[in-house]
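Just run22.txt here, compact mmCIF, C-alpha atoms and all ligand atoms:
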```txt
# COMPACT_ATOMS: atom_id res chain seq x y z
CA MET A 1 -11.63 -28.58 6.56
CA ASN A 2 -10.98 -27.91 2.90
CA THR A 3 -12.38 -30.87 1.10
CA LYS A 4 -14.61 -28.59 -0.95
CA ARG A 5 -13.50 -28.12 -4.50
CA LEU A 6 -12.03 -24.89 -5.78
CA ILE A 7 -14.04 -22.52 -7.93
CA PRO A 8 -12.82 -19.83 -10.32
CA LEU A 9 -13.18 -16.34 -8.90
CA THR A 10 -15.82 -15.58 -11.53
CA HIS A 11 -18.14 -18.11 -9.84
CA LEU A 12 -17.95 -16.40 -6.47
CA PRO A 13 -21.33 -14.65 -5.99
CA ILE A 14 -21.55 -10.97 -5.14
CA GLY A 15 -20.99 -10.27 -1.46
CA GLU A 16 -19.33 -13.63 -0.80
CA THR A 17 -15.73 -14.26 0.12
CA GLY A 18 -13.24 -16.92 -0.85
CA ARG A 19 -9.61 -17.72 -0.19
CA VAL A 20 -7.08 -17.71 -3.03
CA LYS A 21 -5.74 -21.24 -3.43
CA TYR A 22 -4.35 -21.44 -6.91
CA ILE A 23 -3.57 -19.20 -9.88
CA GLU A 24 -3.20 -20.68 -13.35
CA ASP A 25 0.21 -20.04 -14.86
CA SER A 26 -0.21 -17.16 -17.26
CA HIS A 27 1.44 -13.84 -17.94
CA MET A 28 -0.94 -12.36 -15.37
CA LYS A 29 -0.01 -14.65 -12.51
CA ARG A 30 2.84 -12.51 -11.31
CA ARG A 31 0.75 -9.37 -11.71
CA PHE A 32 -1.91 -10.83 -9.43
CA LEU A 33 0.69 -11.74 -6.82
CA ASP A 34 2.06 -8.19 -6.96
CA LEU A 35 -1.43 -6.85 -6.38
CA GLY A 36 -1.64 -8.96 -3.24
CA LEU A 37 -3.47 -12.08 -4.40
CA THR A 38 -0.99 -14.32 -2.61
CA PRO A 39 -2.02 -17.79 -1.36
CA ASN A 40 -4.83 -17.69 1.22
CA THR A 41 -5.70 -14.04 0.65
CA ILE A 42 -9.39 -13.41 1.28
CA VAL A 43 -11.25 -11.99 -1.73
CA LYS A 44 -14.80 -10.69 -1.89
CA THR A 45 -16.82 -10.17 -5.04
CA GLU A 46 -17.91 -6.57 -4.79
CA ARG A 47 -19.94 -5.88 -7.94
CA TYR A 48 -20.15 -6.36 -11.70
CA SER A 49 -19.72 -3.55 -14.16
CA PRO A 50 -22.85 -2.95 -16.31
CA SER A 51 -21.57 -5.24 -19.06
CA GLY A 52 -20.47 -7.86 -16.55
CA ASN A 53 -16.82 -7.30 -17.38
CA PRO A 54 -14.64 -6.34 -15.56
CA ILE A 55 -15.63 -7.46 -12.10
CA ALA A 56 -14.77 -5.52 -8.95
CA TYR A 57 -13.14 -7.53 -6.18
CA ARG A 58 -12.16 -6.43 -2.72
CA PHE A 59 -8.99 -7.75 -1.13
CA ARG A 60 -6.51 -6.26 1.31
CA ALA A 61 -8.92 -3.38 1.95
CA THR A 62 -8.94 -2.12 -1.65
CA ILE A 63 -11.34 -2.67 -4.53
CA ILE A 64 -9.64 -3.68 -7.76
CA ALA A 65 -11.36 -4.45 -11.06
CA ILE A 66 -10.24 -7.59 -12.87
CA ARG A 67 -11.21 -8.66 -16.36
CA ARG A 68 -13.44 -11.70 -16.44
CA GLU A 69 -11.06 -13.68 -18.69
CA GLU A 70 -8.32 -13.10 -16.17
CA ALA A 71 -10.37 -13.70 -13.04
CA GLU A 72 -11.18 -17.13 -14.46
CA ASN A 73 -7.57 -18.14 -13.83
CA ILE A 74 -7.80 -17.45 -10.11
CA PHE A 75 -9.18 -20.28 -8.03
CA VAL A 76 -10.61 -19.88 -4.54
CA SER A 77 -12.08 -22.05 -1.82
CA ARG A 78 -15.23 -20.85 -0.09
CA MET B 1 7.62 30.63 -14.43
CA GLU B 2 9.37 31.50 -11.18
CA ASP B 3 9.98 27.91 -10.27
CA ILE B 4 12.06 27.21 -13.35
CA LYS B 5 14.69 29.69 -12.20
CA LEU B 6 15.09 27.73 -9.02
CA ASP B 7 16.06 24.84 -11.25
CA ASN B 8 19.40 26.49 -12.03
CA LEU B 9 20.48 26.87 -8.43
CA GLU B 10 23.20 24.64 -7.12
CA ASN B 11 22.77 22.08 -4.38
CA LYS B 12 19.21 21.24 -5.04
CA ILE B 13 18.08 18.23 -3.12
CA THR B 14 15.88 15.74 -4.92
CA ILE B 15 12.97 14.13 -3.11
CA GLY B 16 10.67 11.52 -4.63
CA LEU B 17 7.04 11.16 -3.68
CA ALA B 18 5.86 7.57 -4.05
CA GLY B 19 2.80 5.61 -2.98
CA ASN B 20 -0.16 3.51 -4.02
CA PRO B 21 -2.70 5.07 -6.39
CA ASN B 22 -5.01 7.64 -4.85
CA THR B 23 -3.19 8.09 -1.55
CA GLY B 24 -2.87 11.88 -1.85
CA LYS B 25 0.58 12.22 -3.43
CA SER B 26 -0.41 15.04 -5.76
CA THR B 27 -2.29 16.75 -2.94
CA LEU B 28 0.85 16.69 -0.79
CA PHE B 29 2.93 17.74 -3.80
CA ASN B 30 0.70 20.77 -4.34
CA ARG B 31 0.88 21.64 -0.65
CA LEU B 32 4.67 21.60 -0.65
CA THR B 33 5.31 23.24 -4.00
CA GLY B 34 2.33 25.54 -4.31
CA LEU B 35 1.65 24.09 -7.75
CA LYS B 36 -1.69 22.92 -9.00
CA GLN B 37 -0.98 19.43 -10.19
CA HIS B 38 -4.24 17.73 -11.02
CA THR B 39 -5.69 15.64 -8.25
CA GLY B 40 -8.58 13.31 -8.65
CA ASN B 41 -10.67 10.89 -6.77
CA TRP B 42 -9.85 7.95 -8.93
CA PRO B 43 -6.60 6.00 -9.15
CA GLY B 44 -4.07 6.48 -11.89
CA LYS B 45 -4.48 10.23 -12.21
CA THR B 46 -0.75 10.90 -12.43
CA VAL B 47 0.74 8.95 -15.32
CA SER B 48 4.14 10.54 -15.67
CA SER B 49 6.22 12.20 -12.99
CA THR B 50 5.97 15.93 -12.38
CA LYS B 51 8.65 18.13 -10.88
CA GLY B 52 8.12 21.01 -8.50
CA TYR B 53 10.28 23.09 -6.21
CA PHE B 54 10.23 24.36 -2.68
CA ALA B 55 12.59 25.83 -0.14
CA TYR B 56 12.86 25.19 3.59
CA LYS B 57 15.34 26.58 6.10
CA GLY B 58 17.56 27.98 3.37
CA ARG B 59 17.71 24.81 1.32
CA LYS B 60 16.22 24.28 -2.11
CA TYR B 61 14.44 21.08 -2.97
CA THR B 62 13.17 19.43 -6.12
CA LEU B 63 10.09 17.33 -5.48
CA VAL B 64 9.10 14.62 -7.95
CA ASP B 65 5.49 13.46 -7.90
CA LEU B 66 5.60 9.82 -9.03
CA PRO B 67 2.69 7.87 -10.51
CA GLY B 68 0.78 5.69 -8.07
CA THR B 69 1.79 2.01 -8.05
CA TYR B 70 1.07 -1.04 -5.95
CA SER B 71 4.54 -2.44 -6.47
CA LEU B 72 7.94 -1.59 -7.90
CA PHE B 73 8.30 -4.84 -9.80
CA ILE B 74 7.92 -3.80 -13.38
CA ASN B 75 4.52 -4.72 -14.69
CA SER B 76 3.35 -1.43 -16.07
CA GLN B 77 4.62 1.86 -17.36
CA GLU B 78 3.82 3.57 -14.06
CA GLU B 79 5.83 1.05 -12.10
CA GLU B 80 8.76 1.43 -14.44
CA ILE B 81 8.77 5.21 -14.00
CA ALA B 82 8.61 4.93 -10.23
CA ARG B 83 11.21 2.20 -10.08
CA ASP B 84 13.68 3.87 -12.42
CA PHE B 85 13.43 7.09 -10.47
CA ILE B 86 14.00 5.44 -7.11
CA CYS B 87 16.78 3.19 -8.39
CA PHE B 88 18.63 5.32 -10.92
CA GLY B 89 17.37 8.86 -10.24
CA ASN B 90 19.45 9.05 -7.08
CA PRO B 91 16.93 10.87 -4.89
CA GLU B 92 18.27 12.01 -1.52
CA ILE B 93 15.00 11.10 0.14
CA VAL B 94 11.92 9.15 -0.86
CA ILE B 95 8.66 10.00 0.83
CA VAL B 96 6.26 7.11 0.69
CA LEU B 97 2.64 8.03 1.22
CA VAL B 98 0.45 5.30 2.62
CA ASP B 99 -3.32 5.20 3.01
CA ALA B 100 -4.18 4.91 6.70
CA THR B 101 -7.38 3.06 5.81
CA SER B 102 -5.57 0.21 4.06
CA LEU B 103 -2.17 0.09 5.66
CA GLU B 104 -1.50 -3.56 4.95
CA ARG B 105 -1.71 -3.17 1.17
CA ASN B 106 0.24 0.07 1.23
CA LEU B 107 3.01 -1.41 3.34
CA ASN B 108 3.90 -3.80 0.54
CA LEU B 109 5.16 -0.95 -1.63
CA ALA B 110 6.79 0.77 1.33
CA LEU B 111 8.77 -2.39 2.13
CA GLN B 112 9.95 -2.59 -1.47
CA ILE B 113 11.09 1.03 -1.39
CA MET B 114 12.93 0.47 1.89
CA GLU B 115 14.76 -2.33 0.13
CA ALA B 116 15.92 -0.03 -2.66
CA THR B 117 16.99 2.97 -0.62
CA ASP B 118 17.68 3.94 3.00
CA ASN B 119 16.42 7.49 3.27
CA VAL B 120 12.72 6.77 3.41
CA ILE B 121 10.11 8.81 5.25
CA MET B 122 6.62 7.43 5.57
CA CYS B 123 3.57 9.67 5.69
CA VAL B 124 0.49 7.88 6.92
CA ASN B 125 -2.04 9.98 5.04
CA LEU B 126 -5.83 10.13 5.10
CA MET B 127 -5.77 9.99 8.88
CA ASP B 128 -9.14 11.77 8.90
CA GLU B 129 -10.71 9.03 6.76
CA ALA B 130 -9.26 6.39 9.03
CA GLU B 131 -10.70 8.15 12.06
CA LYS B 132 -14.13 8.16 10.43
CA LYS B 133 -13.88 4.45 9.79
CA GLY B 134 -12.85 3.76 13.36
CA ILE B 135 -9.31 2.80 12.39
CA SER B 136 -6.38 4.03 14.43
CA ILE B 137 -2.72 3.33 13.90
CA ASP B 138 -0.01 2.92 16.51
CA ILE B 139 2.52 5.21 14.84
CA LYS B 140 5.22 4.60 17.45
CA LYS B 141 5.02 0.87 17.07
CA LEU B 142 5.07 1.13 13.28
CA GLU B 143 8.14 3.31 13.55
CA GLU B 144 9.85 0.69 15.70
CA LYS B 145 8.98 -2.11 13.28
CA LEU B 146 10.24 -0.29 10.19
CA ASN B 147 12.89 1.89 11.79
CA ILE B 148 12.10 4.88 9.57
CA PRO B 149 10.47 8.20 10.52
CA ILE B 150 6.69 8.03 10.30
CA ILE B 151 4.44 11.05 10.15
CA PRO B 152 0.64 10.98 10.35
CA THR B 153 -0.81 13.47 7.85
CA VAL B 154 -4.01 14.86 6.42
CA ALA B 155 -2.60 16.25 3.18
CA ARG B 156 -5.88 17.85 2.17
CA ILE B 157 -5.72 20.33 5.06
CA GLY B 158 -1.96 20.37 5.45
CA GLU B 159 -1.84 18.56 8.77
CA GLY B 160 1.58 17.06 9.48
CA ILE B 161 3.37 19.03 6.74
CA GLU B 162 5.44 21.03 9.21
CA SER B 163 6.58 17.89 10.93
CA LEU B 164 7.42 16.35 7.54
CA LEU B 165 9.53 19.37 6.59
CA LYS B 166 11.40 19.21 9.89
CA THR B 167 12.14 15.54 9.35
CA ILE B 168 13.40 16.21 5.81
CA ASP B 169 15.64 18.95 7.19
CA SER B 170 17.10 16.77 9.90
CA ILE B 171 17.97 14.06 7.35
CA VAL B 172 19.58 16.51 4.95
CA SER B 173 21.55 18.19 7.73
CA GLY B 174 22.89 14.79 8.77
CA GLU B 175 21.27 15.00 12.17
CA LEU B 176 19.05 12.01 11.48
CA LYS B 177 20.48 8.82 9.98
CA ILE B 178 18.03 6.23 8.74
CA LYS B 179 18.67 2.52 8.63
CA PRO B 180 15.42 0.77 7.69
CA ASN B 181 14.70 -2.71 9.00
CA LYS B 182 15.05 -4.63 5.77
CA THR B 183 12.92 -7.63 4.95
CA ILE B 184 14.70 -10.89 5.67
CA TYR B 185 13.89 -13.80 3.37
CA ASP B 186 14.19 -17.54 3.86
CA GLU B 187 17.63 -19.08 4.15
CA PHE B 188 17.79 -20.26 0.54
CA THR B 189 16.90 -16.83 -0.85
CA GLU B 190 19.26 -15.07 1.55
CA ARG B 191 22.12 -17.29 0.44
CA ALA B 192 21.45 -16.43 -3.19
CA ILE B 193 21.27 -12.71 -2.39
CA GLY B 194 24.54 -12.95 -0.47
CA GLU B 195 26.37 -14.57 -3.37
CA ILE B 196 25.29 -11.90 -5.84
CA GLU B 197 25.99 -9.16 -3.32
CA ASN B 198 29.55 -10.41 -2.95
CA VAL B 199 30.18 -10.11 -6.67
CA LEU B 200 28.54 -6.71 -7.01
CA LYS B 201 30.03 -5.12 -3.91
CA THR B 202 33.48 -5.00 -5.43
CA GLU B 203 32.28 -3.93 -8.86
CA LEU B 204 29.70 -1.22 -8.34
CA ASN B 205 30.13 2.16 -6.76
CA SER B 206 28.28 2.96 -3.59
CA ALA B 207 25.40 4.69 -5.37
CA PHE B 208 24.03 1.22 -6.07
CA ASN B 209 22.48 -1.01 -3.50
CA PRO B 210 23.83 -4.51 -4.20
CA ARG B 211 21.30 -6.29 -2.02
CA TRP B 212 18.41 -4.76 -3.87
CA ILE B 213 19.93 -5.36 -7.28
CA GLY B 214 20.52 -8.96 -6.23
CA LEU B 215 16.87 -9.29 -5.26
CA ARG B 216 15.69 -7.83 -8.56
CA LEU B 217 17.96 -10.18 -10.51
CA LEU B 218 16.75 -13.22 -8.57
CA ASP B 219 13.22 -12.07 -9.30
CA GLY B 220 14.03 -12.46 -12.98
CA ASP B 221 13.98 -8.75 -13.81
CA LEU B 222 15.42 -8.75 -17.33
CA ASN B 223 15.76 -4.97 -17.62
CA MET B 224 17.81 -4.93 -14.47
CA LYS B 225 19.96 -7.73 -15.81
CA LYS B 226 20.62 -5.81 -19.01
CA GLU B 227 21.43 -2.68 -17.04
CA ILE B 228 23.92 -4.49 -14.81
CA LYS B 229 25.46 -6.27 -17.77
CA ASN B 230 26.09 -2.91 -19.47
CA ILE B 231 27.63 -1.43 -16.36
CA LEU B 232 29.89 -4.42 -15.78
CA LEU B 233 31.00 -4.69 -19.40
CA LYS B 234 31.75 -0.98 -19.49
CA SER B 235 34.05 -1.32 -16.50
CA ASN B 236 35.66 -4.36 -18.09
CA SER B 237 34.18 -6.84 -15.62
CA GLY B 238 32.67 -9.33 -18.01
CA TYR B 239 33.86 -12.10 -15.76
CA SER B 240 31.79 -10.77 -12.87
CA PHE B 241 28.75 -10.83 -15.07
CA ASN B 242 29.42 -14.47 -15.89
CA GLN B 243 29.63 -15.19 -12.18
CA ILE B 244 26.27 -13.55 -11.66
CA GLU B 245 24.75 -15.53 -14.50
CA ASN B 246 26.01 -18.71 -12.90
CA ILE B 247 24.47 -17.82 -9.58
CA LEU B 248 21.16 -17.01 -11.27
CA ASN B 249 21.23 -20.39 -12.99
CA THR B 250 21.86 -22.19 -9.71
CA TYR B 251 18.95 -20.57 -7.92
CA ASP B 252 15.68 -20.91 -9.72
CA ASP B 253 13.35 -17.97 -10.23
CA LEU B 254 12.66 -16.77 -6.71
CA GLY B 255 10.22 -14.02 -7.69
CA GLU B 256 7.06 -15.52 -6.28
CA LYS B 257 8.72 -16.32 -2.99
CA ILE B 258 9.89 -12.73 -2.68
CA VAL B 259 6.46 -11.23 -3.37
CA ILE B 260 4.75 -13.57 -0.94
CA ARG B 261 7.27 -12.83 1.80
CA LEU B 262 6.74 -9.07 1.38
CA TYR B 263 2.97 -9.37 1.66
CA ASP B 264 3.28 -11.71 4.62
CA ARG B 265 5.46 -9.20 6.42
CA ALA B 266 3.11 -6.34 5.53
CA GLU B 267 0.21 -8.36 6.90
CA ALA B 268 2.02 -9.19 10.13
CA ILE B 269 3.03 -5.58 10.74
CA ALA B 270 -0.47 -4.28 9.99
CA LYS B 271 -1.95 -6.79 12.43
CA ASP B 272 0.30 -5.37 15.13
CA VAL B 273 -0.22 -1.66 14.56
CA VAL B 274 -3.74 -1.21 13.17
CA ILE B 275 -6.45 -0.90 15.78
CA HIS B 276 -10.06 -1.28 14.68
CA LYS B 277 -12.23 0.62 17.07
CA ALA B 278 -15.86 0.48 16.22
CA SER B 279 -16.84 3.84 14.71
CA ASN B 280 -19.20 5.99 16.78
CA LYS B 281 -22.25 4.82 14.89
CA GLU B 282 -21.27 1.18 15.13
CA ARG B 283 -20.70 1.54 18.84
CA LEU B 284 -24.12 3.05 19.46
CA ASP B 285 -25.74 0.36 17.33
CA LYS B 286 -23.98 -2.32 19.27
CA LYS B 287 -24.97 -0.87 22.63
CA LEU B 288 -28.62 -0.64 21.64
CA ASP B 289 -28.57 -4.16 20.31
CA ASP B 290 -27.01 -5.41 23.50
CA ILE B 291 -29.64 -3.76 25.66
CA LEU B 292 -32.56 -4.79 23.53
CA THR B 293 -31.56 -8.38 22.98
CA ASN B 294 -30.38 -9.13 26.49
CA LYS B 295 -32.62 -11.55 28.39
CA PHE B 296 -32.86 -9.34 31.46
CA THR B 297 -32.83 -5.84 30.04
CA GLY B 298 -34.75 -6.64 26.87
CA TYR B 299 -38.24 -6.85 28.33
CA PRO B 300 -38.04 -3.81 30.60
CA ALA B 301 -36.51 -1.88 27.72
CA MET B 302 -39.39 -2.89 25.48
CA LEU B 303 -41.99 -1.88 28.04
CA LEU B 304 -40.22 1.40 28.60
CA LEU B 305 -40.08 2.01 24.88
CA LEU B 306 -43.76 1.23 24.42
CA GLY B 307 -44.45 3.64 27.25
CA ILE B 308 -42.44 6.34 25.52
CA ILE B 309 -44.16 5.72 22.21
CA PHE B 310 -47.55 5.94 23.95
CA TRP B 311 -46.49 9.16 25.58
CA ILE B 312 -45.24 10.63 22.36
CA THR B 313 -48.38 9.74 20.42
CA ILE B 314 -50.37 11.64 22.96
CA VAL B 315 -48.06 14.44 23.95
CA GLY B 316 -45.52 15.15 21.24
CA ALA B 317 -47.01 14.00 17.97
CA ASN B 318 -44.27 15.41 15.81
CA TYR B 319 -41.44 13.24 17.04
CA PRO B 320 -39.42 11.69 14.18
CA SER B 321 -41.21 8.45 13.58
CA ASP B 322 -38.36 6.85 11.65
CA LEU B 323 -36.32 6.67 14.77
CA LEU B 324 -39.16 5.11 16.70
CA SER B 325 -39.96 2.49 14.17
CA GLU B 326 -36.31 1.63 13.86
CA LEU B 327 -36.02 1.13 17.58
CA PHE B 328 -39.20 -0.86 17.60
CA PHE B 329 -38.16 -3.15 14.80
CA ARG B 330 -34.93 -3.84 16.56
CA LEU B 331 -37.01 -5.33 19.32
CA MET B 332 -38.98 -7.50 16.99
CA LYS B 333 -35.89 -9.10 15.42
N1 LIG A 401 -10.02 13.04 3.39
C1 LIG A 401 -8.82 13.21 2.83
N2 LIG A 401 -8.71 13.25 1.50
C2 LIG A 401 -7.50 13.42 0.95
C3 LIG A 401 -6.34 13.53 1.74
N3 LIG A 401 -5.28 13.67 0.91
C4 LIG A 401 -5.77 13.63 -0.34
N4 LIG A 401 -7.11 13.50 -0.33
C5 LIG A 401 -8.01 13.38 -1.50
O1 LIG A 401 -7.78 12.13 -2.11
C6 LIG A 401 -7.98 12.22 -3.52
C7 LIG A 401 -6.77 11.70 -4.28
O2 LIG A 401 -5.68 12.56 -4.08
P1 LIG A 401 -4.49 12.70 -5.12
O3 LIG A 401 -3.56 13.69 -4.53
O4 LIG A 401 -4.97 12.92 -6.51
O5 LIG A 401 -3.88 11.24 -5.04
P2 LIG A 401 -2.60 10.65 -5.82
O6 LIG A 401 -1.89 9.81 -4.84
O7 LIG A 401 -1.84 11.75 -6.46
O8 LIG A 401 -3.29 9.73 -6.91
P3 LIG A 401 -2.57 9.09 -8.20
O9 LIG A 401 -1.83 10.16 -8.91
O10 LIG A 401 -3.73 8.54 -8.94
O11 LIG A 401 -1.72 8.00 -7.72
C8 LIG A 401 -8.29 13.68 -3.79
O12 LIG A 401 -9.70 13.81 -3.89
C9 LIG A 401 -7.77 14.41 -2.57
O13 LIG A 401 -8.47 15.60 -2.31
C10 LIG A 401 -6.48 13.47 3.18
O14 LIG A 401 -5.52 13.52 3.94
N5 LIG A 401 -7.75 13.29 3.65
MG MG A 402 -1.27 12.03 -8.42
```

Just give me the structure as structure tokens.
Ligand SMILES: Nc1nc2c(ncn2[C@@H]2O[C@H](COP(=O)(O)OP(=O)(O)OP(=O)(O)O)[C@@H](O)[C@H]2O)c(=O)[nH]1
Ligand SMILES: [Mg+2]
Amino acid sequence: MNTKRLIPLTHLPIGETGRVKYIEDSHMKRRFLDLGLTPNTIVKTERYSPSGNPIAYRFRATIIAIRREEAENIFVSR
Amino acid sequence: MEDIKLDNLENKITIGLAGNPNTGKSTLFNRLTGLKQHTGNWPGKTVSSTKGYFAYKGRKYTLVDLPGTYSLFINSQEEEIARDFICFGNPEIVIVLVDATSLERNLNLALQIMEATDNVIMCVNLMDEAEKKGISIDIKKLEEKLNIPIIPTVARIGEGIESLLKTIDSIVSGELKIKPNKTIYDEFTERAIGEIENVLKTELNSAFNPRWIGLRLLDGDLNMKKEIKNILLKSNSGYSFNQIENILNTYDDLGEKIVIRLYDRAEAIAKDVVIHKASNKERLDKKLDDILTNKFTGYPAMLLLLGIIFWITIVGANYPSDLLSELFFRLMK
């Protein structure tokens, strides 16, 4: 089913959902896991802040804002 | 202030108040202590911990309002404060407040706290919000799964507070003994925990929970490692610390595995105890849609509706037209 390529979270349009498949190794990786972005978690792009950074994402029934530079390290399948 | 005098009394029982950001901890704190700790509608309002006091059935309590965190694994100042209090502050009881509208996420922290200490009471707060959203929670089942007392609350209006106080009292009086159902990890991780536990059990006094310390060490928590090293060196057990270092070298960093397991368990429990009823509005919407889009009832319903509209235009001209047009457009879809 998943032959589609992965996209960084920042490319997920508003209102659409994706499944977390991969997080780039960085100092934030563990932080994201702690927040609940574990493999296969469903994430929805909720809205952009006025400047476009950070971006609000909804996962596990909570909205959490993530900086664009950091969201780029999270890869999802659609 | 009056409360400060209470501070000097003997036998005060310390209770910690933990939970995710914005779950109503400060609201509950204010309810119990009569203080006016700032509450706010955005997360991260409480940055340091605040102490307050209350008495119940002749016992004096110190209540500590902890900052809101999603996890106890140190990533931020707030998490460190909450973790240090729960681990080294020696609270008699920890109350963990969870948001009834997002139980799954909130359970993650609760499971971590249950790993660190046994005397945990869970308040499922914001029950009124959950109700509005058509979410209900099988409290009994949740209690069975976690094996800790669980109290549904609406902190804003004080609902459930009496029952919380009674539960606190029965724990303190020894009437109620709590033995949480701990999270079990995969075989490999469990073996590693067991090995560290064996070393620590003989070295540390019973105030420490060797399983939890083992888990934190395997997670690569450097502060914890330093802390344990200090304790072991002080009691002249340098050899034990070497043993622990060896174990840690044998088992690679298990941190990610541990986090994932906790969220998986939280998800599984939430699936079992959270019931999504459609809210009242959703239910009405669905019913109307069903009637209007059904092959057999759709046409008669449309004719009937047209008849009513005709009647209203003639007889009762002031009928809210929004409602009518909404109903009509539903038909056209
Ligand atoms: N509807 C409803 N609102 C509540 C309830 N409990 C608290 N609130 C509201 O939720 C908001 C957050 O409450 P706080 O007590 O500040 O939450 P907190 O957990 O201390 O937040 P942090 O300190 O940021 O972690 C406030 O606006 C409260 O009035 C409840 O049971 N029902
Ligand atoms: Mg607070």

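Using all atoms listed in the file for every distance, the candidate list B:Val259, B:Leu72, B:Val124, B:Ile86 yields B:Val124 as the residue closest to ligand LIG 401 (chain A).
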
All residues 12 Å or closer to Arg191 in chain B, only C-alpha atoms, same chain fewer than 3 positions away omitted, as a list in words: Ile184, Tyr185, Asp186, Glu187, Phe188, Gly194, Glu195, Ile196, Glu197, Asn198, Arg211, Gly214, Leu215, Leu218, Ile247, Leu248, Thr250, Tyr251 and Leu254 of chain B

B:Ile139, B:Leu103, B:Met127, B:Val96 ranked by distance to chain A, top pick (using all atoms listed in the file): B:Leu103

Atomic distance CA of Asp169 in chain B - CA of Lys57 in chain B, expressed in Å with one decimal: 7.7 Å

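Put simply, CA of Glu46 in chain A is 5.9 Å away from CA of Gly15 in chain A.
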
Test item: chain A residues at most 12 Å from chain B, counting all atoms listed in the file, as a ChimeraX atom specification: /A:23,25,27-41,58-65

Residue selection dump (C-alpha atoms) as a PDB file, keeping the file's coordinate frame:
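So the final result, stored in selection.pdb, reads:
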```pdb
ATOM      1  CA  ILE A  23      -3.570 -19.200  -9.880  1.00  0.00           C
ATOM      2  CA  ASP A  25       0.210 -20.040 -14.860  1.00  0.00           C
ATOM      3  CA  HIS A  27       1.440 -13.840 -17.940  1.00  0.00           C
ATOM      4  CA  MET A  28      -0.940 -12.360 -15.370  1.00  0.00           C
ATOM      5  CA  LYS A  29      -0.010 -14.650 -12.510  1.00  0.00           C
ATOM      6  CA  ARG A  30       2.840 -12.510 -11.310  1.00  0.00           C
ATOM      7  CA  ARG A  31       0.750  -9.370 -11.710  1.00  0.00           C
ATOM      8  CA  PHE A  32      -1.910 -10.830  -9.430  1.00  0.00           C
ATOM      9  CA  LEU A  33       0.690 -11.740  -6.820  1.00  0.00           C
ATOM     10  CA  ASP A  34       2.060  -8.190  -6.960  1.00  0.00           C
ATOM     11  CA  LEU A  35      -1.430  -6.850  -6.380  1.00  0.00           C
ATOM     12  CA  GLY A  36      -1.640  -8.960  -3.240  1.00  0.00           C
ATOM     13  CA  LEU A  37      -3.470 -12.080  -4.400  1.00  0.00           C
ATOM     14  CA  THR A  38      -0.990 -14.320  -2.610  1.00  0.00           C
ATOM     15  CA  PRO A  39      -2.020 -17.790  -1.360  1.00  0.00           C
ATOM     16  CA  ASN A  40      -4.830 -17.690   1.220  1.00  0.00           C
ATOM     17  CA  THR A  41      -5.700 -14.040   0.650  1.00  0.00           C
ATOM     18  CA  ARG A  58     -12.160  -6.430  -2.720  1.00  0.00           C
ATOM     19  CA  PHE A  59      -8.990  -7.750  -1.130  1.00  0.00           C
ATOM     20  CA  ARG A  60      -6.510  -6.260   1.310  1.00  0.00           C
ATOM     21  CA  ALA A  61      -8.920  -3.380   1.950  1.00  0.00           C
ATOM     22  CA  THR A  62      -8.940  -2.120  -1.650  1.00  0.00           C
ATOM     23  CA  ILE A  63     -11.340  -2.670  -4.530  1.00  0.00           C
ATOM     24  CA  ILE A  64      -9.640  -3.680  -7.760  1.00  0.00           C
ATOM     25  CA  ALA A  65     -11.360  -4.450 -11.060  1.00  0.00           C
TER      26      ALA A  65
END
```

Computed interatomic separation between CA of Gly16 in chain B and CA of Leu63 in chain B (Å): 5.9 Å

Give, as lines of an AutoDock Vina configuration file, the centre coordinates and the x, y and z edge lengths in Å to one decimal for an axis-aligned box around all listed atoms of ligand LIG 401 (chain A), padded by 5 Å on each side.
```
center_x = -5.9
center_y = 11.8
center_z = -2.5
size_x = 18.3
size_y = 17.6
size_z = 22.9
```

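Comparing A:Arg67, A:Lys21, A:Ile42, A:Pro13 by their smallest distance to Ile55 in chain A, the closest is A:Arg67 (using only C-alpha atoms).
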
Ref. answer, residues at most 12 Å from (-5.3, 4.9, 4.6) with only C-alpha atoms, as JSON, numbers by chain: {"A": [60, 61, 62], "B": [19, 20, 21, 22, 23, 24, 97, 98, 99, 100, 101, 102, 103, 104, 105, 106, 107, 123, 124, 125, 126, 127, 128, 129, 130, 131, 132, 133, 134, 135, 136, 137, 152, 153, 154, 155, 270, 274]}

Expected residue set, 12 Å radius at (-21.1, -10.2, -1.4), only C-alpha atoms, as a count of residues only: 17
